[in-house]
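Heads up: the structure comes next, in structure tokens.
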Amino acid sequence: MPEPLINLLSLDEPQMGALVRSLGWPSYRARQILRWLYRHRVRDIEKMTDLSLHDRTTLAAIATVQRSSCRTVLSSQDGTRKLLLTLADGMAVESVLIPDEDRLTLCVSTQVGCLLDCTFCLTGTLGLRRSLKTHEIIDQVLTAYEHVEKADQQITNLVFMGMGEPLANYEALEAAIMIITNKSWGLGWSPRRLVVSTAGLASRLEKVAALGVNIAISLNATTEAQRQLLMPAASRIASLQSLLMTCRHVSTLARRRVTFEYVLLAGINDQPADAQRLIALLQHLPCKVNLIPFNEFPGSRFRRPPDTDVLRFQTLLRQGGLDVFVRKSRGQDVLSACGQLGNLSTAVATTPLVLTASESRC
Ligand code: SF4
């Protein structure tokens, strides 16, 4: 049985160094190959033209560049695009491109399904199929690059808010962030243009903040009881009080504001009393609040509040001194809006879908 080929995308810099050493090559070759993979995004060793033909043949005998295949792109009427990637084991993962004025944000997934069980989230209903490997996270970015280049566009922001809880897959997430921000051979992003969103794995917040990225907390509740109802698993991992205490600490340490995401659910957490409690909880915490009117999906038990209630909630928070924004729902017709990711990954479509409107998660 021949040895399976090494996927070059699965190697980090030290592993690539070990590979080139094992071939008797100078150590700078490792960076040359990494540059081909991430700067030039080649899918074929043959295209690494600053390696001699002999070296390319030697490398191709033991290694390959194995990318996921992008099998479906759904386009919403508002310009949001949902990309469905099929992984090597046949599982599928979704990422979303969201245009907004001069910004184009890529929302990346870190798991197939999710370990947590937030009751307002479609991804949560899938359970955890598995965590993504580093190269599967990066592959979503590389695929999105290729997709937007065709339309002569550039991705300006990158958010880890797709399927899964990023901090439950911390090692792969950190390694992916290192590649995305590596200025020598990686994608060269400033960490300031990256956001990692978590449902509240408080013990890992300090570590992720040290990477220089922005942090968003999916809060959604103002009492422990409400959080237990809406985010049962997350509330068992960290209480509301301990989560907010960690946020205070991290924000001081990183000298940066924390973003709190708050999904508004009609009649559940959108009342004036909720707003008053939220103001009290976030007092003296350098932060901003993103309100996300709930994006309904088939079978969801919650309802989206009317715009007047959303506006009332926002006004109350503003009056309480909070910096608060209402996040526009994007891509609802293709289920790419917050809380709506997961439909394609399960019902993997083999025929093109016809869309009338857009779906995603928080
Ligand atoms: S909201 Fe986030 S953490 Fe909660 S179930 Fe959905 S994907 Fe998982």
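Numbering starts fresh at 1 for the residues of each chain in the structure tokens, the chains themselves are lettered A, B, ... in the order given, and ligands are numbered from 1 as they appear.
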Report as a tab-separated table the residues of chain A within 9 Å of ligand 1, each with its shortest atom pair and distance in Å (one decimal), using only C-alpha atoms and all ligand atoms, ordered by chain and increasing residue number.
```
residue	atom	partner	partner_atom_place_in_ligand_line	distance
A:Ser109	CA	ligand 1	7 (S)	8.8
A:Gln111	CA	ligand 1	7 (S)	8.6
A:Gly113	CA	ligand 1	7 (S)	7.2
A:Cys114	CA	ligand 1	8 (Fe)	4.6
A:Leu115	CA	ligand 1	8 (Fe)	6.3
A:Leu116	CA	ligand 1	5 (S)	4.6
A:Asp117	CA	ligand 1	5 (S)	4.4
A:Cys118	CA	ligand 1	5 (S)	4.2
A:Thr119	CA	ligand 1	5 (S)	7.1
A:Phe120	CA	ligand 1	1 (S)	7.2
A:Cys121	CA	ligand 1	6 (Fe)	4.6
A:Leu122	CA	ligand 1	6 (Fe)	6.6
A:Thr123	CA	ligand 1	6 (Fe)	5.0
A:Gly124	CA	ligand 1	5 (S)	3.5
A:Thr125	CA	ligand 1	5 (S)	7.2
A:Leu126	CA	ligand 1	5 (S)	8.7
A:Gly127	CA	ligand 1	5 (S)	8.2
A:Leu128	CA	ligand 1	8 (Fe)	8.8
A:Met161	CA	ligand 1	2 (Fe)	7.2
A:Gly162	CA	ligand 1	7 (S)	6.8
A:Met163	CA	ligand 1	7 (S)	4.9
A:Gly164	CA	ligand 1	7 (S)	4.3
A:Glu165	CA	ligand 1	3 (S)	4.6
A:Pro166	CA	ligand 1	3 (S)	8.2
A:Ser197	CA	ligand 1	2 (Fe)	8.2
A:Thr198	CA	ligand 1	3 (S)	6.5
A:Ala199	CA	ligand 1	3 (S)	4.9
A:Gly200	CA	ligand 1	3 (S)	8.2
A:Ser218	CA	ligand 1	1 (S)	7.2
A:Met231	CA	ligand 1	4 (Fe)	6.8
A:Ala233	CA	ligand 1	4 (Fe)	8.6
A:Ala234	CA	ligand 1	3 (S)	7.5
A:Cys338	CA	ligand 1	1 (S)	8.3
A:Gly339	CA	ligand 1	6 (Fe)	6.1
A:Gln340	CA	ligand 1	6 (Fe)	8.6
A:Leu341	CA	ligand 1	7 (S)	8.1
A:Arg361	CA	ligand 1	1 (S)	6.2
A:Cys362	CA	ligand 1	1 (S)	5.4
```
Taking only residues of region 4-79 of chain A that have an atom at most 9 Å from an atom of region 132-137 of chain A, what is each one's shortest atom pair and its distance in Å to one decimal, using only C-alpha atoms, in chain and number order, as a tab-separated table?
```
residue	atom	partner	partner_atom	distance
A:Leu9	CA	A:His135	CA	5.8
A:Ser10	CA	A:His135	CA	5.5
A:Leu11	CA	A:His135	CA	8.4
A:Arg67	CA	A:Glu136	CA	8.1
A:Ser68	CA	A:Glu136	CA	7.4
```
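The list of residues with at least one atom within 8 Å of region 209-216 of chain A, based on only C-alpha atoms and without residues fewer than 5 positions apart in the same chain, reads Glu174, Pro191, Arg192, Arg193, Leu194, Val195, Val196, Ser197, Thr198, Val250, Ala254, Arg256, Val258, Thr259, Phe260 and Glu261 of chain A.
Of note, CA of Tyr38 (chain A) and CA of Ala18 (chain A) are spaced 18.7 Å apart.
Distances to Tyr145 (chain A) were evaluated for A:Ile237, A:Gly299, A:Arg41, A:Ala266 using only C-alpha atoms, and the minimum falls at A:Arg41.
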Open item on the list: Please return, as a ChimeraX atom specification, all residues of region 159-265 of chain A that DSSP assigns to alpha helix (DSSP H) on the basis of the backbone.
Closed with: /A:170-181,205-209,224-230,232-237,240-254
Take the residues from that selection and write them out as a PDB file, in the first residue's frame, keeping C-alpha atoms.
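Final output, out_38.pdb:
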```pdb
ATOM      1  CA  TYR A 170      -9.555  26.715  20.228  1.00  0.00           C
ATOM      2  CA  GLU A 171      -6.331  25.161  18.920  1.00  0.00           C
ATOM      3  CA  ALA A 172      -7.517  25.022  15.315  1.00  0.00           C
ATOM      4  CA  LEU A 173      -8.944  28.548  15.630  1.00  0.00           C
ATOM      5  CA  GLU A 174      -5.679  29.968  16.989  1.00  0.00           C
ATOM      6  CA  ALA A 175      -3.626  28.260  14.264  1.00  0.00           C
ATOM      7  CA  ALA A 176      -6.025  29.607  11.608  1.00  0.00           C
ATOM      8  CA  ILE A 177      -5.746  33.139  13.026  1.00  0.00           C
ATOM      9  CA  MET A 178      -1.932  32.827  12.925  1.00  0.00           C
ATOM     10  CA  ILE A 179      -2.067  31.979   9.205  1.00  0.00           C
ATOM     11  CA  ILE A 180      -4.607  34.703   8.430  1.00  0.00           C
ATOM     12  CA  THR A 181      -2.505  37.359  10.218  1.00  0.00           C
ATOM     13  CA  LEU A 205     -11.458  34.597  26.494  1.00  0.00           C
ATOM     14  CA  GLU A 206      -8.170  35.904  27.813  1.00  0.00           C
ATOM     15  CA  LYS A 207      -6.186  33.638  25.482  1.00  0.00           C
ATOM     16  CA  VAL A 208      -8.129  34.678  22.408  1.00  0.00           C
ATOM     17  CA  ALA A 209      -7.937  38.383  23.321  1.00  0.00           C
ATOM     18  CA  GLU A 224     -29.463  33.573  34.884  1.00  0.00           C
ATOM     19  CA  ALA A 225     -32.899  31.957  34.439  1.00  0.00           C
ATOM     20  CA  GLN A 226     -33.391  33.521  31.032  1.00  0.00           C
ATOM     21  CA  ARG A 227     -29.916  32.478  29.930  1.00  0.00           C
ATOM     22  CA  GLN A 228     -30.573  28.908  31.098  1.00  0.00           C
ATOM     23  CA  LEU A 229     -33.681  28.895  28.960  1.00  0.00           C
ATOM     24  CA  LEU A 230     -32.067  30.387  25.856  1.00  0.00           C
ATOM     25  CA  PRO A 232     -28.651  25.994  28.402  1.00  0.00           C
ATOM     26  CA  ALA A 233     -25.188  24.543  27.705  1.00  0.00           C
ATOM     27  CA  ALA A 234     -23.431  27.926  27.665  1.00  0.00           C
ATOM     28  CA  SER A 235     -25.042  28.899  30.968  1.00  0.00           C
ATOM     29  CA  ARG A 236     -23.751  25.688  32.568  1.00  0.00           C
ATOM     30  CA  ILE A 237     -20.216  26.536  31.389  1.00  0.00           C
ATOM     31  CA  LEU A 240     -23.850  35.432  33.469  1.00  0.00           C
ATOM     32  CA  GLN A 241     -22.061  37.126  36.356  1.00  0.00           C
ATOM     33  CA  SER A 242     -18.781  35.265  35.894  1.00  0.00           C
ATOM     34  CA  LEU A 243     -18.898  35.803  32.127  1.00  0.00           C
ATOM     35  CA  LEU A 244     -19.333  39.546  32.553  1.00  0.00           C
ATOM     36  CA  MET A 245     -16.582  39.660  35.171  1.00  0.00           C
ATOM     37  CA  THR A 246     -14.213  37.984  32.687  1.00  0.00           C
ATOM     38  CA  CYS A 247     -15.302  40.446  29.991  1.00  0.00           C
ATOM     39  CA  ARG A 248     -14.421  43.356  32.265  1.00  0.00           C
ATOM     40  CA  HIS A 249     -11.020  41.834  32.940  1.00  0.00           C
ATOM     41  CA  VAL A 250     -10.321  41.069  29.259  1.00  0.00           C
ATOM     42  CA  SER A 251     -11.433  44.491  28.109  1.00  0.00           C
ATOM     43  CA  THR A 252      -9.068  46.160  30.607  1.00  0.00           C
ATOM     44  CA  LEU A 253      -6.229  43.826  29.689  1.00  0.00           C
ATOM     45  CA  ALA A 254      -6.650  44.222  25.933  1.00  0.00           C
TER      46      ALA A 254
END
```
Task: Residues flagged strand (DSSP E) by DSSP in region 234-281 of chain A, as a ChimeraX atom specification - done: /A:258-264
Using only C-alpha atoms, which residues sit within 12 Å of Thr57 (chain A) once same-chain residues fewer than 6 positions away are excluded, as a PDB file with C-alpha atoms, in the first residue's frame?
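Ended up saving to part02.pdb:
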```pdb
ATOM      1  CA  ASP A  44      -1.192  22.356  -7.672  1.00  0.00           C
ATOM      2  CA  ILE A  45       2.467  21.795  -6.710  1.00  0.00           C
ATOM      3  CA  GLU A  46       3.282  22.097 -10.413  1.00  0.00           C
ATOM      4  CA  LYS A  47       2.488  25.832 -10.158  1.00  0.00           C
ATOM      5  CA  MET A  48       5.163  26.488  -7.470  1.00  0.00           C
ATOM      6  CA  THR A  49       7.482  27.775 -10.131  1.00  0.00           C
ATOM      7  CA  LEU A  51      10.989  25.380  -7.066  1.00  0.00           C
ATOM      8  CA  ALA A  63       2.442  15.545  -1.001  1.00  0.00           C
ATOM      9  CA  THR A  64      -0.529  17.288  -2.509  1.00  0.00           C
TER      10      THR A  64
END
```
- [ ] Identify, on the basis of only C-alpha atoms, every residue whose closest approach to Leu311 (chain A) does not exceed 12 Å; exclude the query and any residue fewer than 6 positions from it along the same chain; express the result as a list in words.
- [x] Leu264, Asp270, Gln271, Pro272, Ala275, Leu291, Ile292, Pro293, Pro305, Leu317, Arg318, Val324, Phe325, Val326 and Arg327 of chain A
